[in-house]
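Some notes on the structure that comes next.
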Amino acid sequence: MINLADYQVSPVTGFLPEKPLKNLDSNNAAWETVLRQTPKLLLTGRYEEFLEKLLPYQINSSDIAHLERDMRVLSYLTHTYVWGKKQVPTQLPAYLSKPFVAVAEKLGRPPILSYPSYCLFNWQRIDESQPPHIGNLLMTENFLGGADEDWFILIHVEIEAKAARALKAIPQIIESADNKDITGVIDGLKEVIGSLQDINKTMNRMPDYCDPYIYYTRVRPYIFGTKNNPAMPEGLKYEGCFEGKGQFFRGETGAQSAIVPTIDGLLGIQHENDMLKEYLIEMRQYMVQGHRKFIEKVENEAKVRSLVKSNVENAALQTAYSQCFDELHRFRSKHLEYAANYIAKQSAQSNNSTEIGTGGTPFMRYLAKHRDETNIDMQEAL
């Protein structure tokens with residue numbers, strides 16, 4: 001049976017670490033001071049000046065938890081440096097680029113702010129004895145700060161936490177399908193359904209404290225990447241790295257979460273071989289290495305779809321399988337709705353209309369296609 005721990009997956013918190021590290025080592029304390037004061041220092045217009053005075057950033061551990069903490073910190077410092085300026089720079093200075101590239105290489109991810117640093121490792125519990133849920137969560141890092149920025153990320157953190165129920169059930173579902181244990185598969189799929197229902201309830205809460213206008217003007221600008229970004233036609237140079245050549249990396253996006261690709265793999269959902277599928281595969285480069293391997297493991301070993309197809313007379317199995325699709329379709333539909341309200345409408349109203357999202361894609365077209373393929377695939381499977 002698949003061992004979740006081998007893939008950096010927790011049966012308690014899912015793709016979230018059970019306790020992400022908060023503080024930097026003492027030798028980098030000055031960097032942390034600047035980081036914590038970022039929302040205020042940005043208003044001075046002297047952010048670069050404060051960074052230049054710091055001692056070189058030191059990477060003191062090869063432990064994953066410590067590297068993820070360094071990656072989070074350097075991601076925030078870098079994106080503040082780049083997107084906190086009126087004039088977008090063409091080069092990242094060596095005091096940021098060299099430690100950032102070094103940490104990113106150790107973790108097997110590009111040196112850019114991605115979903116793991118923005119969400120998975122960017123929170124702390126208020127009460128350590130209670131699970132990570134809204135009401136027991138605080139953000140660790142911010143750009144400008146404020147309720148809307150916090151809420152946007154915390155919704156994602158709670159979604160990740162609620163996915164743990166589904167992830168915990170997956171190894172047993174796969175084993176049951178291998179053994180043609182239909183009852184075991186049904187029981188496992190019910191856990192996936194319950195998990196997705198909980199996720200959708202959390203997803204529905206996004207508008208409670210995250211206003212579309214505030215998101216578009218104060219939150220979104222700091223999470224862009226350099227790929228397909230008109231503000232960076234030649235990419236971003238990392239001083240002292242990549243032979244001085246401009247680099248093009250995707251920005252932070254929910255497509256870098258491993259939840260939906262894992263559920264797709266479990267259910268055997270197929271996406272058309274086109275640019276959208278290429279993009280979804282590319283997004284795995286920005287995931288935690290263990291998580292991307294987990295997706296591949298599930299895709300390669302899950303035989304749920306074939307079991308469902310060969311047991312069309314089993315109403316309970318058919319119902320459980322189709323309900324998984326229904327909940328996944330609801331999630332993707334809500335995501336599309338939010339993209340329209342939080343980005344497309346705001347873009348049109350600001351006379352700055354663009355089809356490109358933070359991940360550097362025509363997001364409305366891609367999200368709609370992703371949603372529709374889920375529905376089409378369910379009809380073909382049943």
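The way I read the labels, and the way they are meant: chains A, B, ... in the order of the structure tokens, residue 1 as the first residue of every chain, and ligand 1 as the first ligand shown, with later ones counted on from there.
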Practice prompt. For Leu74 in chain A, work out the shell of residues within 10 Å, counting only C-alpha atoms and skipping chain neighbours fewer than 5 positions away, then give it as a ChimeraX atom specification.
Written response: /A:31,35,57,68-69,79-80,96-97,99-101,103-104,111-113,117
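Excluding range 277-281 of chain A and any residue on its chain fewer than 6 positions from it, the residues at most 9 Å away by only C-alpha atoms are A:Ala255, A:Gln256, A:Pro261, A:His271, A:Thr361.
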Worksheet item: In range 21-167 of chain A, what's strand (DSSP E) per DSSP? Answer as a list in words?
Response: Gln91, Leu92, Trp123, Gln124, Arg125, Leu137, Leu138 and Met139 of chain A
Fill in: Close residues, Val12 in chain A itself excluded, 9 Å, only C-alpha atoms, min 2 positions apart in chain, as a PyMOL selection string
chain A and resi 9-10+14+16+18+131+161+164-165+168
Output C-alpha atoms for every residue in that selection, as a short mmCIF file (atom, residue, chain, number, x, y, z; two decimals), in the first residue's frame.
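Generated output (again-v4.cif):
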data_model
loop_
_atom_site.label_atom_id
_atom_site.label_comp_id
_atom_site.auth_asym_id
_atom_site.auth_seq_id
_atom_site.Cartn_x
_atom_site.Cartn_y
_atom_site.Cartn_z
CA VAL A 9 1.77 13.92 2.58
CA SER A 10 0.19 13.89 6.03
CA GLY A 14 -2.70 16.56 3.67
CA LEU A 16 0.28 20.99 4.29
CA GLU A 18 1.86 19.55 10.15
CA PRO A 131 -6.35 21.52 13.55
CA ALA A 161 -6.37 20.96 5.24
CA ALA A 164 -6.43 15.52 3.94
CA ARG A 165 -9.54 13.35 4.32
CA LYS A 168 -5.79 9.64 3.49
#
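Using only C-alpha atoms, the shortest contact distance between Phe248 in chain A and any of A:Leu328, A:Met232, A:Met71, A:Cys210 is found at A:Met232.
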Fill in: Length of the CA of Arg205 in chain A to CA of Glu149 in chain A vector [Å]
14.1 Å
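For the pair CA of Tyr238 in chain A and CA of Tyr95 in chain A, the interatomic distance is 9.9 Å.
Each of A:Leu196, A:Ala177, A:Met283, A:Leu276 was compared to Leu317 in chain A using only C-alpha atoms, and A:Ala177 turns out to be the nearest.
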Item to complete: Rounded to one decimal place, report the CA of Ile59 in chain A-CA of Leu24 in chain A distance in Å.
Response: 10.0 Å
Practice prompt. Tell me, as a ChimeraX atom specification, which residues lie within 10 Å of range 218-227 of chain A, counting only C-alpha atoms; anything in the same chain fewer than 5 positions away does not count.
Written response: /A:75-76,78-84,112-115,118,142-146,148-150,152-153,210,212-213,232-236,246-253,342-343,357-361
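Counting only C-alpha atoms, the residue from A:Leu21, A:Tyr216, A:Glu158, A:Val73 that sits nearest to Ala339 in chain A is A:Tyr216.
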Discussion item. I need the residues in range 264-330 of chain A that are alpha helix (DSSP H) according to DSSP; give them as number ranges by chain.
Written reply: A: 264-267, 275-282, 289-301, 304-309, 315-330
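Excluding Ala65 in chain A and any residue on its chain fewer than 2 positions from it, the residues at most 9 Å away by only C-alpha atoms are Pro17, Pro20, Leu21, Ser62, Asp63, Leu67, Glu68, Arg69, Asp70 and Phe121 of chain A.
Each of A:Ala320, A:Ile134, A:Val157, A:Ile214 was checked against Ile193 in chain A using only C-alpha atoms; the smallest atom-to-atom distance is that of A:Ala320.
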Residues within 12 Å of range 300-313 of chain A, please, as a tab-separated table (two decimals) with C-alpha atoms, in the first residue's frame. Count only C-alpha atoms; anything in the same chain fewer than 3 positions from it doesn't count.
chain	number	residue	atom	x	y	z
A	1	MET	CA	0.00	0.00	0.00
A	2	ILE	CA	1.16	3.56	-0.72
A	170	ILE	CA	-6.50	7.17	-1.60
A	171	PRO	CA	-4.04	4.36	-0.74
A	172	GLN	CA	-6.91	2.15	0.46
A	173	ILE	CA	-9.02	2.98	-2.61
A	174	ILE	CA	-6.18	2.00	-4.93
A	175	GLU	CA	-5.54	-1.25	-3.06
A	176	SER	CA	-9.26	-2.08	-2.98
A	177	ALA	CA	-9.55	-1.44	-6.73
A	178	ASP	CA	-6.56	-3.73	-7.35
A	179	ASN	CA	-8.30	-6.47	-5.34
A	180	LYS	CA	-11.67	-5.75	-7.00
A	181	ASP	CA	-13.03	-4.99	-3.55
A	182	ILE	CA	-15.98	-2.86	-4.64
A	183	THR	CA	-17.18	-2.19	-1.10
A	184	GLY	CA	-13.73	-0.89	-0.15
A	185	VAL	CA	-13.67	1.40	-3.18
A	186	ILE	CA	-17.14	2.75	-2.42
A	188	GLY	CA	-13.08	5.24	0.09
A	189	LEU	CA	-14.88	7.29	-2.56
A	262	THR	CA	-4.37	13.96	-7.55
A	263	ILE	CA	-8.16	13.56	-7.61
A	264	ASP	CA	-8.08	13.64	-11.41
A	265	GLY	CA	-5.52	10.85	-11.32
A	266	LEU	CA	-7.57	8.79	-8.87
A	267	LEU	CA	-10.72	9.07	-10.98
A	268	GLY	CA	-8.89	8.60	-14.25
A	269	ILE	CA	-9.98	11.97	-15.63
A	270	GLN	CA	-8.39	12.62	-19.01
A	293	LYS	CA	5.62	12.20	-7.30
A	294	PHE	CA	2.42	11.38	-5.42
A	295	ILE	CA	0.32	12.60	-8.34
A	296	GLU	CA	2.33	10.41	-10.72
A	297	LYS	CA	2.00	7.41	-8.38
A	316	ALA	CA	-23.70	2.24	-5.41
A	317	LEU	CA	-20.32	2.27	-7.16
A	318	GLN	CA	-21.65	4.28	-10.10
A	319	THR	CA	-23.26	6.79	-7.75
A	320	ALA	CA	-20.17	7.27	-5.61
A	321	TYR	CA	-17.98	7.70	-8.68
A	322	SER	CA	-20.33	10.22	-10.31
A	324	CYS	CA	-16.91	12.68	-7.03
A	325	PHE	CA	-17.18	14.20	-10.50
A	377	ASP	CA	-15.11	12.90	-19.04
A	378	MET	CA	-17.71	11.80	-16.48
A	379	GLN	CA	-20.22	11.11	-19.26
A	380	GLU	CA	-17.67	9.01	-21.09
A	381	ALA	CA	-16.69	7.07	-17.96
A	382	LEU	CA	-20.19	6.06	-16.89
